[in-house]
Structure formats: structure tokens, C-alpha cells
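Dropping protein34.txt in here (compact mmCIF, C-alpha atoms):
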# COMPACT_ATOMS: atom_id res chain seq x y z
CA MET U 1 -18.02 -89.13 -46.60
CA LEU U 2 -17.00 -87.65 -43.28
CA PHE U 3 -17.00 -84.07 -44.57
CA PHE U 4 -20.73 -84.26 -45.29
CA CYS U 5 -21.47 -85.17 -41.66
CA LEU U 6 -19.56 -82.29 -40.09
CA ARG U 7 -20.68 -78.70 -39.78
CA GLY U 8 -19.41 -75.38 -38.55
CA SER U 9 -16.61 -75.45 -36.00
CA ASP U 10 -16.12 -79.24 -36.23
CA LEU U 11 -15.45 -79.02 -39.97
CA MET U 12 -13.09 -76.09 -39.48
CA GLU U 13 -11.18 -77.94 -36.77
CA LEU U 14 -10.85 -81.05 -38.95
CA GLN U 15 -9.55 -79.05 -41.90
CA ARG U 16 -7.13 -77.13 -39.68
CA ARG U 17 -5.65 -80.37 -38.37
CA LEU U 18 -5.30 -81.79 -41.86
CA VAL U 19 -3.33 -78.85 -43.24
CA GLU U 20 -1.30 -77.48 -40.34
CA PRO U 21 2.40 -78.27 -39.82
CA PHE U 22 3.38 -80.31 -36.78
CA TYR U 23 6.38 -80.63 -34.49
CA PHE U 24 7.27 -83.23 -31.86
CA GLN U 25 10.32 -82.63 -29.68
CA GLY U 26 12.48 -85.69 -29.11
CA ASN U 27 16.17 -86.53 -29.14
CA ARG U 28 18.90 -84.81 -31.15
CA VAL U 29 18.07 -86.65 -34.38
CA GLY U 30 15.54 -84.68 -36.39
CA CYS U 31 13.22 -86.04 -39.06
CA LEU U 32 11.98 -83.58 -41.67
CA LEU U 33 8.68 -84.93 -43.02
CA ILE U 34 7.61 -83.56 -46.40
CA HIS U 35 4.23 -84.23 -48.01
CA GLY U 36 3.42 -84.60 -51.68
CA PHE U 37 2.20 -82.53 -54.63
CA THR U 38 -1.26 -80.95 -53.99
CA GLY U 39 -1.32 -82.64 -50.56
CA ALA U 40 -0.78 -81.41 -47.00
CA PRO U 41 1.02 -82.39 -43.76
CA SER U 42 -1.84 -84.79 -42.90
CA GLU U 43 -0.25 -87.29 -45.31
CA MET U 44 2.73 -87.47 -42.97
CA ARG U 45 1.16 -86.98 -39.54
CA LEU U 46 0.62 -90.66 -38.65
CA LEU U 47 4.20 -91.42 -39.62
CA GLY U 48 5.36 -88.43 -37.57
CA GLU U 49 3.40 -89.52 -34.53
CA GLY U 50 4.81 -93.03 -34.86
CA LEU U 51 8.40 -91.81 -35.09
CA ALA U 52 7.86 -89.48 -32.13
CA LYS U 53 6.94 -92.50 -29.99
CA PHE U 54 10.47 -93.76 -30.64
CA SER U 55 11.81 -90.42 -29.32
CA TRP U 56 12.94 -89.00 -32.66
CA THR U 57 12.38 -85.27 -33.14
CA VAL U 58 9.85 -84.70 -35.92
CA LEU U 59 8.97 -81.65 -38.03
CA GLY U 60 6.21 -81.95 -40.62
CA ILE U 61 6.19 -78.91 -42.89
CA GLN U 62 3.50 -77.37 -45.08
CA LEU U 63 4.72 -76.54 -48.57
CA SER U 64 3.84 -73.17 -50.07
CA GLY U 65 0.46 -73.06 -51.77
CA HIS U 66 -0.60 -76.39 -50.27
CA GLY U 67 -3.39 -76.85 -47.75
CA THR U 68 -5.11 -73.67 -48.98
CA THR U 69 -6.71 -73.48 -52.43
CA PRO U 70 -5.69 -74.53 -55.94
CA GLU U 71 -5.60 -70.83 -56.84
CA GLU U 72 -3.02 -70.18 -54.13
CA MET U 73 -0.96 -73.16 -55.20
CA ALA U 74 -0.98 -71.86 -58.78
CA LYS U 75 1.12 -68.93 -57.54
CA THR U 76 3.92 -71.21 -56.33
CA ARG U 77 6.64 -73.17 -58.08
CA TRP U 78 9.28 -75.87 -57.50
CA GLU U 79 11.71 -73.20 -56.29
CA ASP U 80 9.27 -72.21 -53.52
CA TRP U 81 8.81 -75.80 -52.37
CA ALA U 82 12.56 -76.38 -52.40
CA LYS U 83 13.08 -73.28 -50.22
CA ASP U 84 10.43 -74.58 -47.80
CA ALA U 85 12.33 -77.87 -47.47
CA GLU U 86 15.65 -76.09 -46.96
CA LYS U 87 14.06 -73.87 -44.30
CA GLY U 88 12.80 -77.01 -42.54
CA VAL U 89 16.34 -78.37 -42.35
CA ARG U 90 17.59 -75.12 -40.83
CA LYS U 91 14.81 -75.22 -38.25
CA LEU U 92 15.73 -78.73 -37.15
CA ARG U 93 19.45 -77.87 -37.02
CA GLU U 94 18.62 -75.47 -34.20
CA SER U 95 18.09 -78.42 -31.82
CA CYS U 96 19.36 -81.50 -33.67
CA ASP U 97 22.84 -82.73 -34.51
CA THR U 98 21.55 -85.04 -37.24
CA VAL U 99 18.78 -84.31 -39.76
CA ILE U 100 17.11 -86.93 -41.94
CA GLY U 101 14.78 -86.03 -44.79
CA VAL U 102 11.67 -88.20 -45.07
CA GLY U 103 9.39 -87.46 -47.99
CA LEU U 104 6.43 -88.89 -49.86
CA SER U 105 5.98 -88.45 -53.61
CA MET U 106 7.12 -84.90 -54.43
CA GLY U 107 8.22 -84.77 -50.79
CA GLY U 108 10.56 -87.66 -51.62
CA LEU U 109 11.82 -85.70 -54.60
CA LEU U 110 12.51 -82.78 -52.26
CA THR U 111 14.48 -85.01 -49.88
CA LEU U 112 16.61 -86.08 -52.83
CA HIS U 113 17.08 -82.41 -53.69
CA LEU U 114 18.25 -81.69 -50.13
CA ALA U 115 20.69 -84.58 -50.34
CA THR U 116 22.17 -83.34 -53.63
CA LEU U 117 22.99 -80.11 -51.79
CA GLY U 118 24.56 -82.00 -48.88
CA LEU U 119 22.09 -80.46 -46.42
CA ILE U 120 20.91 -83.67 -44.73
CA ASP U 121 22.60 -86.65 -43.13
CA GLY U 122 20.31 -89.30 -44.57
CA LEU U 123 17.15 -89.63 -46.62
CA VAL U 124 14.00 -91.69 -46.90
CA ALA U 125 12.25 -91.25 -50.25
CA MET U 126 8.84 -92.89 -50.63
CA ASN U 127 7.33 -93.19 -54.11
CA ALA U 128 9.51 -90.34 -55.32
CA PRO U 129 8.83 -89.51 -58.97
CA MET U 130 11.34 -89.82 -61.74
CA VAL U 131 8.63 -90.91 -64.18
CA LEU U 132 4.94 -90.13 -63.63
CA ALA U 133 2.53 -92.93 -64.44
CA ASP U 134 0.09 -90.78 -66.41
CA ARG U 135 1.82 -89.94 -69.69
CA ARG U 136 -0.44 -86.92 -70.16
CA THR U 137 1.50 -85.12 -67.43
CA ARG U 138 4.44 -84.88 -69.81
CA PHE U 139 2.43 -82.57 -72.06
CA ALA U 140 1.37 -80.13 -69.35
CA ARG U 141 3.61 -77.45 -70.82
CA LEU U 142 1.75 -77.67 -74.14
CA ILE U 143 -1.68 -77.07 -72.63
CA LYS U 144 -0.48 -74.36 -70.22
CA PRO U 145 -1.45 -71.46 -72.55
CA PHE U 146 -5.02 -72.75 -72.77
CA VAL U 147 -5.83 -74.43 -69.44
CA LYS U 148 -5.15 -73.16 -65.91
CA PHE U 149 -6.37 -76.18 -63.95
CA VAL U 150 -6.83 -79.87 -64.65
CA GLY U 151 -9.79 -81.45 -62.92
CA LYS U 152 -9.62 -84.71 -61.03
CA SER U 153 -11.72 -86.44 -63.67
CA LYS U 154 -9.11 -85.64 -66.30
CA LEU U 155 -6.08 -86.58 -64.24
CA ALA U 156 -7.46 -89.00 -61.65
CA SER U 157 -4.14 -90.71 -61.00
CA ILE U 158 -2.64 -87.61 -59.38
CA THR U 159 -5.25 -87.22 -56.65
CA GLN U 160 -6.62 -89.78 -54.23
CA PRO U 161 -9.15 -87.97 -52.00
CA ARG U 162 -9.59 -89.38 -48.49
CA THR U 163 -11.22 -88.24 -45.30
CA ASP U 164 -7.92 -88.50 -43.41
CA ARG U 165 -5.91 -86.27 -45.72
CA PHE U 166 -6.28 -82.93 -47.45
CA VAL U 167 -5.73 -82.86 -51.19
CA TYR U 168 -6.89 -80.61 -54.02
CA ASP U 169 -9.44 -81.87 -56.55
CA ARG U 170 -8.05 -79.47 -59.16
CA ILE U 171 -4.42 -79.32 -60.17
CA PRO U 172 -2.75 -76.08 -61.31
CA VAL U 173 -1.18 -76.71 -64.69
CA ASP U 174 1.59 -74.24 -63.85
CA GLY U 175 2.37 -76.35 -60.77
CA LEU U 176 2.47 -79.52 -62.82
CA VAL U 177 4.83 -77.94 -65.32
CA SER U 178 7.03 -76.82 -62.43
CA LEU U 179 6.97 -80.30 -60.89
CA ASN U 180 8.18 -81.77 -64.16
CA ARG U 181 11.02 -79.26 -64.18
CA GLY U 182 11.92 -80.19 -60.62
CA ILE U 183 12.02 -83.87 -61.54
CA ARG U 184 14.46 -83.18 -64.36
CA GLN U 185 16.68 -81.00 -62.19
CA VAL U 186 16.91 -83.51 -59.37
CA ARG U 187 17.41 -86.46 -61.70
CA ASN U 188 20.40 -84.72 -63.27
CA LYS U 189 22.02 -84.23 -59.85
CA LEU U 190 21.36 -87.57 -58.17
CA TYR U 191 25.01 -88.53 -58.62
CA LEU U 192 25.90 -85.90 -56.00
CA ILE U 193 24.14 -87.76 -53.18
CA LYS U 194 26.57 -89.15 -50.61
CA CYS U 195 24.39 -89.76 -47.53
CA PRO U 196 22.70 -93.04 -46.48
CA ALA U 197 19.45 -93.61 -48.33
CA LEU U 198 16.31 -95.69 -47.87
CA LEU U 199 14.12 -95.89 -50.96
CA MET U 200 10.54 -97.18 -50.76
CA GLN U 201 8.21 -97.95 -53.64
CA SER U 202 4.63 -99.19 -53.75
CA THR U 203 4.08 -101.73 -56.50
CA LYS U 204 0.44 -100.61 -56.79
CA ASP U 205 1.39 -96.99 -57.34
CA PHE U 206 -0.74 -95.51 -60.13
CA THR U 207 0.69 -92.00 -59.75
CA VAL U 208 4.44 -92.64 -59.91
CA ASN U 209 5.79 -95.26 -62.29
CA PRO U 210 7.58 -97.83 -60.07
CA ILE U 211 10.53 -97.72 -62.45
CA SER U 212 11.38 -94.45 -60.70
CA VAL U 213 12.96 -96.21 -57.72
CA GLN U 214 15.32 -98.14 -59.98
CA ILE U 215 16.39 -94.94 -61.71
CA ILE U 216 17.19 -93.39 -58.34
CA ARG U 217 18.93 -96.53 -57.13
CA LYS U 218 21.15 -96.68 -60.19
CA GLU U 219 22.21 -93.04 -59.91
CA ILE U 220 23.05 -93.19 -56.19
CA GLN U 221 24.41 -96.73 -56.08
CA GLN U 222 27.70 -95.43 -54.67
CA VAL U 223 25.92 -94.99 -51.30
CA ASN U 224 24.43 -98.50 -51.53
CA PRO U 225 20.81 -97.46 -50.93
CA VAL U 226 18.36 -99.79 -49.22
CA VAL U 227 15.31 -100.45 -51.42
CA ILE U 228 12.01 -101.76 -50.07
CA TYR U 229 8.97 -102.61 -52.20
CA TRP U 230 5.49 -102.59 -50.70
CA GLU U 231 3.09 -105.01 -52.34
CA ASN U 232 -0.22 -103.95 -50.80
CA SER U 233 -0.05 -100.15 -50.75
CA GLY U 234 -0.93 -97.44 -53.23
CA HIS U 235 0.72 -94.11 -53.78
CA ILE U 236 -0.02 -92.67 -50.33
CA LEU U 237 2.17 -95.21 -48.60
CA THR U 238 2.03 -93.42 -45.25
CA LEU U 239 -1.74 -93.94 -44.98
CA GLY U 240 -2.01 -97.34 -46.64
CA PRO U 241 -2.52 -100.79 -45.15
CA GLU U 242 1.22 -101.21 -44.54
CA ARG U 243 1.69 -97.86 -42.79
CA ASN U 244 2.70 -99.37 -39.45
CA GLU U 245 5.38 -101.49 -41.10
CA VAL U 246 6.56 -98.41 -43.01
CA THR U 247 7.01 -96.54 -39.73
CA LEU U 248 9.03 -99.42 -38.28
CA LYS U 249 11.30 -99.55 -41.32
CA VAL U 250 11.96 -95.82 -41.11
CA HIS U 251 12.71 -96.16 -37.40
CA GLU U 252 15.13 -99.04 -38.04
CA PHE U 253 16.88 -97.00 -40.73
CA LEU U 254 17.25 -94.05 -38.37
CA ARG U 255 18.60 -96.26 -35.63
CA GLN U 256 21.06 -97.92 -38.00
CA ILE U 257 22.60 -94.78 -39.45
CA THR U 258 22.80 -92.98 -36.11
CA THR U 259 24.49 -96.02 -34.58
CA GLU U 260 27.02 -96.03 -37.44
CA GLU U 261 27.74 -92.34 -36.83
CA ARG U 262 28.69 -93.08 -33.23
CA THR U 263 31.07 -95.94 -34.14
Take the structure in the file and write it out as C-alpha cells.
Amino acid sequence: MLFFCLRGSDLMELQRRLVEPFYFQGNRVGCLLIHGFTGAPSEMRLLGEGLAKFSWTVLGIQLSGHGTTPEEMAKTRWEDWAKDAEKGVRKLRESCDTVIGVGLSMGGLLTLHLATLGLIDGLVAMNAPMVLADRRTRFARLIKPFVKFVGKSKLASITQPRTDRFVYDRIPVDGLVSLNRGIRQVRNKLYLIKCPALLMQSTKDFTVNPISVQIIRKEIQQVNPVVIYWENSGHILTLGPERNEVTLKVHEFLRQITTEERT
């Protein structure tokens, strides 16, 4: 793997780039890019760079406890991640008239959260969880008193290590319990969403059960969400083989809803 070939300052520079937030100034339509559970902004950087080429303003945030260590993440909860997302919206509002949430996995769940609060003007949720594929995740609360972290070997479907993204190989059980709570809270408030929505789901997703997108679609059907399935991508849709097509679809969605706002 690439990490084994790098030393010293090169390794530090690579890790810094994988975990740091990013911002690209563009027009007055801002895209808030939110990464997933145990991940980092690197999951969203290629998408952000692609959208910036179309002149959209892009902010990729780093969620609390992510991009550091599993021990640091264990100190954070759903409420912290939700506040991070809300802060990102406020930051974009400083220079943008329109703000669209674009999130992957738990980042998609956070965009749905923002939409239930009426804080964004549109949303793109990619592989957002309503049901996790690994049924063992449902029992995280039961093992919490006995286990602090779950290793990758025990919960392989949650992590997909790559050399082009930063992700933990150990998952804080407290964080997993909090994620489950966040899923329940958002699911119960989906009916509040009124903004345009683009929902994407990978059919080869082994982390989020693909039934999730249908649950979301049913609950927000009053806004007539657009649903796109991707047949050749896994959970990390933004770095998969269809990533360029994903960027184009997000761009088309942004162009469509901003055109409708002007008419």
C-alpha cells in the first residue's frame, strides 16, 4: 500500500491532505460537502474539485473527532456532528444566497437533518443510512458496557480502507450507538423536508442497506425526490468507478434547482 512507501514529511503531508477541510470559492450557490462515519473530508474532495470546476462554491467540512484518532472520535456524538453541519451552513451563508447539502453515508444523514430544520435550499444524500447492512450494529448499545472499540475484522462492512481516503480501522462503540440514535431521530422527522432532493444509492453497498433510499423517498415524496441507483459502485460512491458521472448528476441537479429559483 502507498502508506508503506512514504516516510517522514511525505507521509505527514499525505495524511494532512486526507483529513483537512477544503474550500473553493465560486458563484453564490454554495455546496456543503459532508463525509461519512469514521471517514474524513478526503471522501468528498474529488467531488468538491469537480463541482468547483463548474463554478459552484464548495465547502468540505471535517466532522468532530474524525481525521484524528478513534480515541478522539469516542469523545464525540451525533449532536456534535450535527452542530458541525449547521456551522458549515452558516459559513456558506456568509457569501452564498443558496446552500445545498451534499453528503455521503452519515454525511447524507446529516444533510437530511439540515433539511428537516429548513436550513438548506436543497439536498443530495448519497447512501444515507436508514438501515445498516450489518445487523450487529443494532446491538451496539448492548455491548457498550463491555467493549469500547470494535475492530475492522469484527465489523468489516463499516470500513473500507483505501490509500486515497482516511478512515479509522477501529470504531468507537459509543459513536456507533450515537449514530443509531441519529438515524432514528432523522427518520422520525423526514416528513418535515420541503426542499428539492436528489437521492443516490449504490446497489453494491454492503454498509447501508439499499432499502434505505426507498424509506427516505417514501417519507419525503411530497417534494418528489429524484432517485438514482448506481450499479457499479460500493458504499464510497464519491471514489468509486462511477464518480465522474456522480459529479455530473450533482451538477445537473444544482443547475436545475437554481434555474427554477430564478423563474
Practice task
Counting all atoms listed in the file, select every polymer residue within 12 Å of (26.3, -90.0, -38.4) as defined in the file's coordinates, and provide the selection as a ChimeraX atom specification.
Solution key: /U:28-29,96-100,120-122,195-196,253-263
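Residue neighbourhood of Trp56 in chain U, excluding near-sequence residues (fewer than 2 positions): Phe24, Gln25, Gly26, Asn27, Arg28, Val29, Gly30, Cys31, Gly48, Glu49, Gly50, Leu51, Ala52, Lys53, Phe54, Val58, Leu59, Cys96, His251, Leu254 and Arg255 of chain U, at 10 Å, using all atoms listed in the file.
The closest residue to Leu109 in chain U, picked from U:Leu18, U:Val177, U:Val167, U:Ala125 and counting only C-alpha atoms, is U:Ala125.
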Fill in the blank from the handout: Min atom-atom distance to Glu245 in chain U from the set U:Leu190, U:Leu47, U:Phe22, U:Glu79, counting all atoms listed in the file, belongs to U:Leu47
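Straight-line separation from CA of Asn180 in chain U to CA of Pro241 in chain U: 28.9 Å.
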